[in-house]
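Colleague: File follows, work-v2.txt with compact mmCIF, C-alpha atoms:
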# COMPACT_ATOMS: atom_id res chain seq x y z
CA MET V 457 0.00 0.00 0.00
CA THR V 458 1.33 3.47 -0.89
CA SER V 459 2.15 5.66 2.11
CA PRO V 460 -0.28 8.57 2.53
CA VAL V 461 2.64 10.75 3.66
CA GLU V 462 4.88 12.47 1.13
CA VAL V 463 8.25 14.03 1.92
CA ALA V 464 9.65 16.84 -0.20
CA THR V 465 12.63 19.12 0.28
CA VAL V 466 12.18 22.89 0.29
CA GLY V 467 15.17 25.10 0.98
CA GLY V 468 16.98 22.18 2.61
CA LEU V 469 14.07 21.58 5.03
CA SER V 470 11.84 18.53 4.93
CA CYS V 471 8.22 19.14 4.07
CA LEU V 472 5.68 16.50 5.17
CA TYR V 473 2.35 16.28 3.34
CA ARG V 474 -0.49 13.93 4.14
CA VAL V 475 -2.22 13.54 0.76
CA ASP V 476 -5.60 12.39 2.09
CA THR V 477 -6.13 15.12 4.69
CA GLY V 478 -4.05 18.00 3.35
CA ALA V 479 -1.96 18.29 6.54
CA LEU V 480 1.29 20.06 5.72
CA ALA V 481 4.33 20.82 7.88
CA LEU V 482 7.94 21.92 7.62
CA LEU V 483 10.58 20.20 9.75
CA ASN V 484 13.95 21.64 10.65
CA ALA V 485 17.03 19.42 10.30
CA GLU V 486 16.78 17.94 13.82
CA ALA V 487 13.10 17.12 13.51
CA SER V 488 13.66 15.66 10.06
CA GLN V 489 16.33 13.31 11.44
CA LEU V 490 13.99 12.23 14.24
CA TRP V 491 11.12 11.61 11.83
CA HIS V 492 13.30 9.49 9.51
CA ASP V 493 14.60 7.50 12.52
CA LEU V 494 11.05 6.73 13.57
CA GLN V 495 10.12 5.65 10.06
CA GLN V 496 13.10 3.31 9.82
CA ARG V 497 12.43 1.73 13.21
CA GLY V 498 8.77 1.17 12.32
CA GLU V 499 7.78 2.17 15.84
CA ALA V 500 5.08 4.62 15.02
CA THR V 501 2.68 3.40 17.68
CA THR V 502 5.05 3.07 20.64
CA ASP V 503 7.04 5.58 22.65
CA ASP V 504 10.30 3.69 22.27
CA GLY V 505 11.48 5.44 19.15
CA VAL V 506 12.38 8.78 20.70
CA GLY V 507 14.87 9.86 23.31
CA PRO V 508 14.15 11.44 26.67
CA GLU V 509 13.92 15.03 25.37
CA PRO V 510 10.49 16.60 25.96
CA ASP V 511 10.60 18.21 22.49
CA ALA V 512 10.96 14.81 20.83
CA HIS V 513 7.98 13.32 22.69
CA ASP V 514 5.89 16.39 22.00
CA LEU V 515 6.76 16.21 18.31
CA LYS V 516 5.97 12.52 18.08
CA ALA V 517 2.54 13.14 19.61
CA ARG V 518 1.90 15.95 17.13
CA TRP V 519 3.01 13.80 14.19
CA GLN V 520 0.62 11.08 15.31
CA ALA V 521 -2.21 13.61 15.69
CA GLN V 522 -1.61 14.90 12.16
CA GLY V 523 -1.16 11.42 10.66
CA PHE V 524 2.47 12.06 9.69
CA LEU V 525 3.52 8.68 11.05
CA GLY V 526 1.08 6.81 8.80
CA GLY V 527 -2.04 4.96 9.89
CA THR V 528 -5.68 5.93 9.49
CA ALA V 529 -6.55 9.41 8.34
CA PRO V 530 -7.20 11.47 11.48
CA ALA V 531 -9.85 13.68 9.95
CA GLU V 532 -12.29 13.59 7.05
CA PRO V 533 -11.79 16.17 4.32
CA ALA V 534 -14.00 19.15 5.12
CA GLY V 535 -17.23 19.99 3.36
CA GLN V 536 -18.01 16.76 1.46
CA LEU V 537 -21.71 15.99 1.80
CA ALA V 538 -24.45 14.27 -0.17
CA VAL V 539 -26.71 17.08 -1.40
CA HIS V 540 -29.08 16.75 -4.32
CA ALA V 541 -28.98 19.52 -6.87
CA PRO V 542 -32.22 20.86 -8.31
CA SER V 543 -32.94 19.68 -11.86
CA ALA V 544 -30.32 21.01 -14.27
CA ASN V 545 -33.05 21.92 -16.75
CA GLY V 546 -34.77 25.29 -16.59
CA GLY V 547 -34.97 28.02 -13.96
CA ALA V 548 -31.24 28.73 -13.76
CA ASP V 549 -29.89 32.27 -13.45
CA LEU V 550 -26.82 31.17 -15.44
CA ASP V 551 -26.49 28.22 -17.81
CA GLN V 552 -23.45 28.66 -20.03
CA ARG V 553 -20.70 26.61 -21.68
CA TYR V 554 -17.01 27.48 -21.51
CA THR V 555 -13.79 26.29 -23.09
CA LEU V 556 -10.13 27.23 -23.21
CA GLY V 557 -10.23 26.46 -26.93
CA HIS V 558 -8.18 23.27 -26.95
CA GLY V 559 -10.41 20.29 -26.32
CA ARG V 560 -12.24 20.26 -23.01
CA ALA V 561 -15.45 22.14 -22.26
CA ILE V 562 -17.64 22.60 -19.19
CA ARG V 563 -21.21 23.68 -18.52
CA VAL V 564 -21.77 25.98 -15.54
CA VAL V 565 -25.24 26.27 -14.01
CA ALA V 566 -25.92 28.73 -11.18
CA ARG V 567 -29.21 29.15 -9.31
CA ASP V 568 -28.48 32.30 -7.39
CA GLN V 569 -28.88 35.64 -9.06
CA VAL V 570 -25.87 37.40 -7.53
CA LEU V 571 -23.52 34.44 -7.91
CA ALA V 572 -24.73 33.93 -11.49
CA ALA V 573 -23.95 37.55 -12.36
CA LEU V 574 -20.44 37.24 -10.85
CA LEU V 575 -19.70 34.02 -12.73
CA ASP V 576 -21.19 35.30 -15.97
CA ALA V 577 -18.92 38.35 -15.89
CA VAL V 578 -15.70 36.66 -14.81
CA LEU V 579 -16.03 33.66 -17.17
CA ALA V 580 -17.29 35.69 -20.17
CA PRO V 581 -13.94 35.55 -22.04
CA LEU V 582 -14.17 31.72 -22.10
CA ALA V 583 -17.84 31.46 -23.18
CA CYS V 584 -18.51 29.23 -26.17
CA ALA V 585 -22.14 28.34 -26.88
CA ALA V 586 -21.25 25.57 -29.34
CA ALA V 587 -18.94 23.63 -27.02
CA VAL V 588 -19.99 20.12 -26.01
CA PRO V 589 -19.44 19.96 -22.25
CA ASP V 590 -17.45 17.16 -20.60
CA HIS V 591 -18.42 18.21 -17.08
CA LEU V 592 -21.31 19.95 -15.33
CA ILE V 593 -20.60 22.37 -12.47
CA GLU V 594 -23.66 23.49 -10.52
CA ALA V 595 -23.98 26.05 -7.76
CA PHE V 596 -27.18 26.54 -5.79
CA PRO V 597 -28.33 27.83 -2.38
CA CYS V 598 -28.34 25.09 0.24
CA ASP V 599 -29.49 26.84 3.40
CA VAL V 600 -29.56 30.37 4.82
CA ASP V 601 -25.79 30.92 4.80
CA ARG V 602 -24.36 28.32 2.48
CA LEU V 603 -24.23 27.43 -1.19
CA ALA V 604 -23.54 24.00 -2.64
CA VAL V 605 -21.06 23.57 -5.47
CA GLN V 606 -21.54 20.23 -7.16
CA VAL V 607 -19.32 18.66 -9.80
CA ASP V 608 -20.10 15.25 -11.26
CA GLY V 609 -21.91 14.22 -8.07
CA ALA V 610 -19.34 15.47 -5.51
CA THR V 611 -20.61 18.34 -3.41
CA ARG V 612 -18.86 20.96 -1.33
CA LEU V 613 -20.76 23.37 0.91
CA ILE V 614 -19.47 26.92 0.89
CA SER V 615 -20.26 29.91 3.11
CA GLY V 616 -20.82 33.12 1.18
CA ARG V 617 -21.02 34.01 -2.49
CA ALA V 618 -17.44 35.23 -2.86
CA ALA V 619 -16.16 31.88 -1.62
CA ALA V 620 -18.65 30.00 -3.82
CA ARG V 621 -17.46 32.01 -6.82
CA SER V 622 -13.87 31.02 -6.04
CA GLU V 623 -14.80 27.35 -5.71
CA VAL V 624 -16.69 27.33 -9.04
CA LEU V 625 -13.69 28.96 -10.71
CA ARG V 626 -11.33 26.43 -9.13
CA GLN V 627 -13.47 23.57 -10.42
CA ALA V 628 -13.76 25.22 -13.84
CA LEU V 629 -9.97 25.54 -14.04
CA LEU V 630 -9.40 21.94 -12.93
CA HIS V 631 -11.88 20.53 -15.43
CA LEU V 632 -10.88 22.72 -18.36
CA VAL V 633 -7.15 22.02 -17.97
CA GLY V 634 -7.65 18.45 -16.74
CA ALA V 635 -7.12 17.50 -13.09
CA GLU V 636 -4.37 15.08 -14.13
CA GLN V 637 -2.39 18.01 -15.60
CA VAL V 638 -2.61 20.15 -12.44
CA GLY V 639 -0.19 19.95 -9.51
CA ALA V 640 -1.41 22.94 -7.48
CA ILE V 641 -3.82 25.84 -7.72
CA LEU V 642 -1.98 29.00 -6.84
CA HIS V 643 -3.75 32.07 -5.50
CA ALA V 644 -1.91 34.06 -8.11
CA SER V 645 -2.22 36.22 -11.18
CA THR V 646 0.30 35.39 -13.89
CA VAL V 647 1.72 37.48 -16.72
CA ALA V 648 4.37 36.45 -19.22
CA GLY V 649 7.45 38.38 -20.30
CA PRO V 650 10.13 37.37 -22.79
CA GLU V 651 11.98 35.35 -20.14
CA GLY V 652 8.95 33.50 -18.77
CA GLY V 653 6.05 33.81 -16.35
CA ILE V 654 5.87 36.23 -13.47
CA LEU V 655 3.57 34.84 -10.79
CA LEU V 656 2.00 37.43 -8.50
CA LEU V 657 0.89 35.51 -5.42
CA GLY V 658 -1.09 36.84 -2.49
CA ALA V 659 -4.28 37.17 -0.55
CA SER V 660 -7.20 39.27 -1.78
CA GLY V 661 -6.36 42.96 -1.72
CA SER V 662 -2.60 42.47 -2.04
CA GLY V 663 -2.66 44.01 -5.52
CA LYS V 664 -2.26 40.98 -7.82
CA SER V 665 -4.76 42.02 -10.49
CA THR V 666 -3.93 45.72 -10.37
CA LEU V 667 -0.23 44.96 -10.84
CA ALA V 668 -1.09 42.51 -13.61
CA THR V 669 -3.00 45.21 -15.53
CA ALA V 670 -0.05 47.61 -15.12
CA LEU V 671 2.28 44.96 -16.55
CA LEU V 672 -0.08 44.18 -19.44
CA ALA V 673 -0.19 47.87 -20.30
CA GLN V 674 3.63 47.77 -20.43
CA GLY V 675 3.63 45.00 -23.04
CA LEU V 676 3.59 41.75 -21.06
CA HIS V 677 1.10 38.99 -21.87
CA TYR V 678 -1.90 37.77 -19.91
CA VAL V 679 -1.87 34.21 -18.57
CA ALA V 680 -4.26 33.99 -15.59
CA ASP V 681 -5.93 36.07 -12.88
CA ASP V 682 -6.51 35.14 -9.26
CA LEU V 683 -6.16 31.38 -9.86
CA SER V 684 -3.13 29.95 -11.65
CA ALA V 685 -2.85 26.22 -12.34
CA LEU V 686 0.66 24.91 -11.77
CA ASP V 687 1.57 21.88 -13.90
CA ARG V 688 2.53 18.49 -12.45
CA GLY V 689 6.24 19.20 -12.93
CA GLY V 690 6.04 22.32 -10.76
CA THR V 691 7.63 24.43 -13.49
CA SER V 692 4.88 25.97 -15.63
CA VAL V 693 1.44 27.59 -15.46
CA HIS V 694 -1.56 26.73 -17.63
CA PRO V 695 -3.34 29.77 -19.13
CA PHE V 696 -6.76 30.63 -17.65
CA PRO V 697 -7.60 34.07 -19.10
CA ILE V 698 -10.82 34.85 -17.24
CA GLY V 699 -11.92 38.46 -16.67
CA LEU V 700 -9.36 40.35 -14.58
CA SER V 701 -10.93 41.15 -11.24
CA VAL V 702 -10.55 44.87 -10.53
CA LYS V 703 -11.85 45.93 -7.13
CA SER V 704 -13.33 49.38 -6.48
CA GLY V 705 -10.18 50.69 -4.75
CA SER V 706 -8.19 50.17 -7.99
CA TRP V 707 -10.70 51.46 -10.55
CA SER V 708 -9.12 54.88 -11.02
CA THR V 709 -5.59 53.43 -11.27
CA VAL V 710 -6.56 50.74 -13.78
CA ALA V 711 -8.83 53.05 -15.82
CA ARG V 712 -5.81 55.26 -16.61
CA ARG V 713 -4.48 52.38 -18.72
CA PHE V 714 -7.78 50.72 -19.64
CA PRO V 715 -10.40 53.50 -20.03
CA GLU V 716 -13.04 50.91 -21.04
CA LEU V 717 -13.12 49.82 -17.39
CA ASP V 718 -15.36 52.76 -16.42
CA ALA V 719 -18.15 51.52 -18.71
CA LEU V 720 -18.14 47.94 -17.38
CA PRO V 721 -20.92 46.76 -15.04
CA VAL V 722 -20.28 46.79 -11.30
CA LEU V 723 -20.76 43.47 -9.50
CA ALA V 724 -21.22 43.52 -5.75
CA THR V 725 -21.08 41.06 -2.89
CA ARG V 726 -21.47 41.92 0.79
CA ARG V 727 -17.83 42.94 1.06
CA LEU V 728 -16.69 43.92 -2.41
CA ARG V 729 -17.50 45.86 -5.53
CA VAL V 730 -15.70 44.63 -8.61
CA ARG V 731 -15.47 45.04 -12.38
CA TYR V 732 -14.13 42.30 -14.65
CA LEU V 733 -11.80 43.39 -17.43
CA ASP V 734 -11.67 41.21 -20.54
CA ALA V 735 -7.96 40.98 -21.41
CA ARG V 736 -8.18 38.30 -24.11
CA SER V 737 -6.37 40.52 -26.60
CA TYR V 738 -3.30 40.40 -24.31
CA ALA V 739 -3.43 36.64 -23.69
CA VAL V 740 -0.85 34.02 -24.57
CA ALA V 741 -1.95 31.16 -26.87
CA PRO V 742 -4.48 28.97 -25.00
CA ALA V 743 -2.54 25.70 -25.30
CA GLN V 744 0.81 27.25 -24.37
CA THR V 745 1.99 26.63 -20.81
CA VAL V 746 4.22 29.37 -19.44
CA ARG V 747 7.41 28.52 -17.60
CA ALA V 748 7.62 30.20 -14.18
CA GLN V 749 10.52 32.64 -14.01
CA ARG V 750 9.79 34.69 -10.87
CA LEU V 751 7.50 34.45 -7.86
CA VAL V 752 6.48 37.84 -6.52
CA PHE V 753 4.40 38.24 -3.35
CA PRO V 754 3.11 41.82 -3.62
CA TYR V 755 1.74 43.64 -0.60
CA TYR V 756 0.02 46.95 -1.15
CA ALA V 757 -0.19 49.43 1.71
CA PRO V 758 -0.89 53.13 1.10
CA GLY V 759 2.17 55.32 1.49
CA VAL V 760 4.64 52.45 1.86
CA ALA V 761 7.95 52.91 0.07
CA LEU V 762 8.91 50.20 -2.40
CA GLU V 763 10.85 47.45 -0.67
CA ALA V 764 11.83 44.18 -2.34
CA GLU V 765 13.10 41.34 -0.22
CA ARG V 766 14.44 38.05 -1.60
CA LEU V 767 12.73 35.08 0.03
CA ALA V 768 14.22 31.75 1.01
CA PRO V 769 12.37 28.79 -0.60
CA GLU V 770 10.79 27.77 2.71
CA ALA V 771 9.58 31.34 3.28
CA ALA V 772 8.06 31.33 -0.23
CA LEU V 773 6.24 28.07 0.56
CA GLN V 774 4.99 29.41 3.88
CA LEU V 775 3.76 32.62 2.26
CA ALA V 776 2.15 30.73 -0.64
CA ILE V 777 0.22 28.50 1.76
CA THR V 778 -0.80 31.30 4.11
CA THR V 779 -2.19 33.30 1.19
CA GLY V 780 -4.32 30.47 -0.20
CA SER V 781 -2.20 28.40 -2.62
CA GLU V 782 -2.50 24.62 -2.22
CA PRO V 783 -1.68 21.29 -3.82
CA ASP V 784 -4.54 20.32 -6.12
CA GLY V 785 -5.30 18.13 -9.12
CA GLU V 786 -5.42 14.35 -9.31
CA PRO V 787 -3.66 12.71 -7.56
CA ARG V 788 -2.75 15.37 -5.01
CA SER V 789 0.92 15.79 -4.25
CA ILE V 790 3.13 18.36 -2.53
CA HIS V 791 5.98 17.86 -5.02
CA PRO V 792 4.88 20.35 -7.72
CA LEU V 793 4.41 23.22 -5.24
CA ALA V 794 7.60 22.26 -3.36
CA ARG V 795 9.58 22.19 -6.59
CA LEU V 796 8.23 25.59 -7.66
CA CYS V 797 9.25 27.19 -4.34
CA ASP V 798 12.59 25.39 -4.30
CA THR V 799 13.69 26.30 -7.82
CA VAL V 800 12.09 29.60 -8.83
CA PRO V 801 13.46 32.82 -7.28
CA ALA V 802 10.89 34.47 -5.00
CA TRP V 803 10.51 38.05 -3.78
CA HIS V 804 8.32 39.87 -1.28
CA LEU V 805 7.41 43.27 -2.69
CA ALA V 806 5.89 45.87 -0.37
CA TYR V 807 4.68 48.89 -2.30
CA GLY V 808 2.47 51.94 -2.21
CA ASP V 809 2.77 52.95 -5.87
CA VAL V 810 1.62 50.57 -8.63
CA ASP V 811 3.80 52.08 -11.37
CA GLN V 812 6.95 51.79 -9.26
CA ALA V 813 6.13 48.19 -8.39
CA ALA V 814 5.46 47.28 -12.04
CA ASP V 815 8.74 48.90 -13.10
CA TRP V 816 10.63 46.95 -10.45
CA ILE V 817 9.04 43.65 -11.55
CA ARG V 818 9.88 44.26 -15.20
CA SER V 819 13.40 45.25 -14.32
CA ALA V 820 13.99 42.29 -12.01
CA SER V 821 12.55 39.91 -14.59
CA GLY V 822 14.63 41.17 -17.51
CA ALA V 823 11.46 42.38 -19.22
CA LEU V 824 12.62 45.94 -19.81
CA ALA V 825 12.90 46.73 -23.50
CA MET Q 522 -14.95 55.90 2.37
CA SER Q 523 -14.56 58.48 5.15
CA ASN Q 524 -11.09 59.79 6.08
CA GLU Q 525 -11.29 58.05 9.44
CA THR Q 526 -12.19 54.68 7.89
CA SER Q 527 -9.54 55.12 5.24
CA THR Q 528 -6.87 55.92 7.84
CA LYS Q 529 -7.91 52.92 9.92
CA ALA Q 530 -7.67 50.60 6.89
CA ALA Q 531 -4.24 51.99 6.02
CA ASP Q 532 -3.07 51.48 9.62
CA GLU Q 533 -4.32 47.89 9.56
CA ARG Q 534 -2.46 47.17 6.32
CA ALA Q 535 0.74 48.70 7.68
CA GLU Q 536 0.37 46.55 10.81
CA THR Q 537 -0.22 43.40 8.71
CA LEU Q 538 2.87 44.21 6.66
CA LYS Q 539 4.93 44.58 9.85
CA SER Q 540 3.71 41.22 11.13
CA ARG Q 541 4.40 39.55 7.77
CA ARG Q 542 7.96 40.91 7.71
CA GLN Q 543 8.49 39.50 11.21
CA SER Q 544 7.10 36.13 10.11
CA LEU Q 545 9.52 36.00 7.17
CA LYS Q 546 12.42 36.71 9.53
CA ASP Q 547 11.16 34.08 11.95
CA ILE Q 548 11.17 31.30 9.40
CA GLY Q 549 14.91 31.84 8.96
CA LYS Q 550 15.34 31.43 12.74
CA PHE Q 551 13.17 28.31 12.62
CA ALA Q 552 15.49 26.66 10.08
CA ALA Q 553 18.48 27.44 12.30
CA VAL Q 554 17.07 26.05 15.56
CA THR Q 555 19.09 23.07 16.77
CA ALA Q 556 16.27 21.37 18.75
CA PRO Q 557 13.67 19.38 16.79
CA ALA Q 558 11.03 21.82 15.53
CA MET Q 559 7.99 21.59 13.27
CA LEU Q 560 6.06 24.38 11.61
CA VAL Q 561 2.51 23.29 10.76
CA LEU Q 562 1.35 25.06 7.62
CA LEU Q 563 -2.02 23.30 7.27
CA GLU Q 564 -3.84 21.16 9.84
CA ALA Q 565 -5.38 17.86 8.77
CA GLY Q 566 -8.77 18.48 7.14
CA SER Q 567 -8.35 22.24 7.03
CA ALA Q 568 -7.79 22.53 3.29
CA SER Q 569 -9.50 25.71 2.21
CA ALA Q 570 -12.40 25.71 -0.21
CA CYS Q 571 -11.51 29.11 -1.52
CA PRO Q 572 -8.25 30.94 -2.03
CA ASP Q 573 -9.26 33.77 0.29
CA ALA Q 574 -9.31 31.41 3.23
CA GLY Q 575 -5.69 30.35 3.33
CA ASN Q 576 -4.09 29.05 6.47
CA LYS Q 577 -5.96 29.68 9.71
CA ASN Q 578 -3.15 28.47 11.95
CA GLY Q 579 -1.14 31.63 12.17
CA TRP Q 580 2.48 31.22 13.07
CA GLN Q 581 3.13 28.29 15.40
CA VAL Q 582 6.09 26.02 15.90
CA ASN Q 583 5.66 22.88 17.96
CA GLY Q 584 2.22 24.13 18.96
CA LYS Q 585 3.53 27.32 20.54
CA ALA Q 586 2.95 30.85 19.31
CA SER Q 587 6.61 31.81 19.43
CA PRO Q 588 8.72 30.36 16.63
CA VAL Q 589 11.98 30.22 18.56
Please rewrite the model in this file as C-alpha cells.

Modeller:
Amino acid sequence: MTSPVEVATVGGLSCLYRVDTGALALLNAEASQLWHDLQQRGEATTDDGVGPEPDAHDLKARWQAQGFLGGTAPAEPAGQLAVHAPSANGGADLDQRYTLGHGRAIRVVARDQVLAALLDAVLAPLACAAAVPDHLIEAFPCDVDRLAVQVDGATRLISGRAAARSEVLRQALLHLVGAEQVGAILHASTVAGPEGGILLLGASGSGKSTLATALLAQGLHYVADDLSALDRGGTSVHPFPIGLSVKSGSWSTVARRFPELDALPVLATRRLRVRYLDARSYAVAPAQTVRAQRLVFPYYAPGVALEAERLAPEAALQLAITTGSEPDGEPRSIHPLARLCDTVPAWHLAYGDVDQAADWIRSASGALA
Amino acid sequence: MSNETSTKAADERAETLKSRRQSLKDIGKFAAVTAPAMLVLLEAGSASACPDAGNKNGWQVNGKASPV
C-alpha cells in the first residue's frame, strides 16, 4: 500500500504532506532526522522510538495527531456531503458553456442571481455556446448561509457568495485544464514576459490584479488572474484568461491604462464591488503553458515605500500556503508546489505605488525593453 | 470611504505588513534552531475551499505561538 505521507525538500528543510487530509508541515534538520529514525524503526505506535527530550515526545505526539507517522486518516476532508442539486433543466440564473479552446469544455449552471452575475462576468472571455461539455458544475443555495457547489456528483458546501465564486472557478480551471495536468492551484495572477512567467501571489487585496493590468499595459502577456494552475512538474502555469478582477479601490488606477473599465458593469457582494476586465487581446496562446521565471508576493499598503526582499524557498512556501495556494489536481501531491518554491526565485514586494512596483518587476525579470 | 475609515484601513495594512515581515524573519530562525522543531502550515482536514481562506493556523512552531 502506498504511504499517505509524502516528503519533499524545500530550501533544505523537509516538508511532510499527508495527501488524504491536506496536513502540511515543515521540519527543521533535527526534527527531520527524528522523523526518519522513527520511520526506519517502524515504531510509530510506541514511545520507544524517541529519546528522553520533551521536544521529541511532543513532536511525536503531534506527528501522530496529524497522521504524519502513517495509519488511518485522522480527519475527514472538510465539506463533502451528499446534497441533491435541483434539476439542471430550466430556472437557472446562469447556464453557459465554456472552453479554453483546446479540447475540453464545461457547462456551468448557477441558481443564485448574484452568484450567477459574478460568474457570468468573470467567465465571459471563455464562453462558447457551441462547445460540447465534458463536465457539469452546478452552484445553488443550500441553506440560509451556504451554497452547494456540485461537480459530477461530488458536493462541497461553501459559506458566502465570494467563496462559492472562487470554488466554481477552481473547479472550472481543474476541469478545463484536466485535473491530471494540475499539480497545485496557486492564489496568483500570472503574466508572461520574454523570459517567462511572473507569478503574482497573495491574498485578496494584495494588488495581484492591479499589478497585472499595469504589466499588461507595459507589453507583457496575460496568462491567468486570481487562480493559476501549476503543472505536475512544478515548473509551468496553464493559461486561464478569465476576466481580470478589478476591485473598487483600484478602478481609477486601472482606468488610466484601460479606459473601457469605467463603462463595465459593477458586481457587488457583501464585502466587495468589482469590475471584470476582458484581457483576451493580451493573452498568450491557450494551449501554451508558461514557464515560471519569478515568484512575486506583492503587498500593497498606502504610502509604503517600495521594498523588495528576496525570500528563502521555505519562506516562499509558507507565504504561498498562508495566502491560499494549495496542492490540487489528481492525484494530489506536494511535489509540484515544493519544486516551484525550491527552484524559482521568490521576492516579497511591499509597495504603495503601482507604477513603481510594475517597473521593479519588469526590471527584475529582464522584461525591460 | 470616510477619512477616518480610510486611515484605519491603512493602519491595519501597515500593521499586517509589519507582522508579515516578522514572520519572514522568523522562518529563517526556525530553520536554524538546533532542537527538533515543526512548523505546521495546514492542519489535517483544514484545506480551504476558496483561495481567500488560506491558512488559519497563524504562526506556530511545535504548537507554541513563538517560533523560537

Colleague: Name all residues at most 8 Å from Leu592 (chain V) (count only C-alpha atoms; drop same-chain ones fewer than 4 positions away) and give them as a count of residues only.

Modeller: 6

Colleague: Identify which of the residues V:Leu490, V:Ala685, V:Val624, V:Leu672 lies closest to Leu525 (chain V), counting all atoms listed in the file when measuring atom-to-atom distances.

Modeller: V:Leu490

Colleague: For each of V:Ala741, V:Ala768, V:Cys584, V:Leu762, take the minimum atom-to-atom distance to chain Q, counting all atoms listed in the file, then give the residue where this is smallest.

Modeller: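 Closest to chain Q of all the choices is V:Ala768.
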
Colleague: Tell me as a list in words which residues belonging to chain V come within 6 Å of chain Q, counting all atoms listed in the file.

Modeller: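 Listing them in order of chain and number gives Thr477, Gly478, Ala479, Leu480, Ala481, Leu482, Leu483, Asn484, Glu486, Ala487, Gln522, Ala531, Pro533, Ala534, Ala619, Ser622, Glu623, His643, Ala757, Thr778, Thr779 and Gly780 of chain V.
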
Colleague: Between CA of Val633 (chain V) and CA of Leu556 (chain V), what is the distance in Å, rounded to a tenth?

Modeller: 8.0 Å

Colleague: Pull the neighbourhood of (7.2, 16.7, 0.5) for me: all residues within 10 Å in file coordinates, counting only C-alpha atoms, as JSON, numbers by chain.

Modeller: {"V": [461, 462, 463, 464, 465, 466, 469, 470, 471, 472, 473, 474, 475, 480, 481, 482, 789, 790, 791, 792, 793, 794, 795]}

Colleague: Ranking V:Arg712, V:Arg617, V:His804, V:Arg747 by minimum distance to Ala764 (chain V) and counting all atoms listed in the file, which one comes first?

Modeller: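 Among the listed residues, V:His804 lies closest to Ala764 (chain V).
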
Colleague: Measuring atom to atom with only C-alpha atoms, identify which of V:Val740, V:Ala659, V:Trp707, V:Val730 is nearest to Ala680 (chain V).

Modeller: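 For Ala680 (chain V), the nearest of the candidates is V:Val740.
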
Colleague: One decimal, Å: what's the distance from CA of Ala577 (chain V) over to CA of Ser701 (chain V), could you say?

Modeller: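 The value is 9.7 Å.
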
Colleague: Can you work out the spacing between CA of Gly634 (chain V) and CA of Gly675 (chain V) in Å, to one decimal?

Modeller: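 Interatomic distance here is 29.5 Å.
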
Colleague: I'd like to know which of V:Ala673, V:Leu655, V:Val679, V:Ala561 is closest to Ile698 (chain V), using all atoms listed in the file.

Modeller: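 Distance minimum relative to Ile698 (chain V) lands on V:Val679.
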
Colleague: Counting all atoms listed in the file, figure out which residue out of V:Ser692, V:Thr709, V:Ser684, V:Gln552 gets nearest to Leu575 (chain V).

Modeller: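 Smallest distance to Leu575 (chain V) is found for V:Gln552.
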
Colleague: Give me the residues near Ser665 (chain V) as an mmCIF file with C-alpha atoms, in the coordinates of the input, where near means some atom within 7 Å (using all atoms listed in the file) and where sequence neighbours in that chain fewer than 2 positions away do not count.

Modeller:
data_model
loop_
_atom_site.group_PDB
_atom_site.id
_atom_site.type_symbol
_atom_site.label_atom_id
_atom_site.label_comp_id
_atom_site.auth_asym_id
_atom_site.auth_seq_id
_atom_site.Cartn_x
_atom_site.Cartn_y
_atom_site.Cartn_z
ATOM 1 C CA SER V 645 -2.220 36.220 -11.180
ATOM 2 C CA GLY V 663 -2.660 44.010 -5.520
ATOM 3 C CA LEU V 667 -0.230 44.960 -10.840
ATOM 4 C CA ALA V 668 -1.090 42.510 -13.610
ATOM 5 C CA THR V 669 -3.000 45.210 -15.530
ATOM 6 C CA ASP V 681 -5.930 36.070 -12.880
ATOM 7 C CA LEU V 700 -9.360 40.350 -14.580
ATOM 8 C CA SER V 701 -10.930 41.150 -11.240
ATOM 9 C CA VAL V 702 -10.550 44.870 -10.530
#
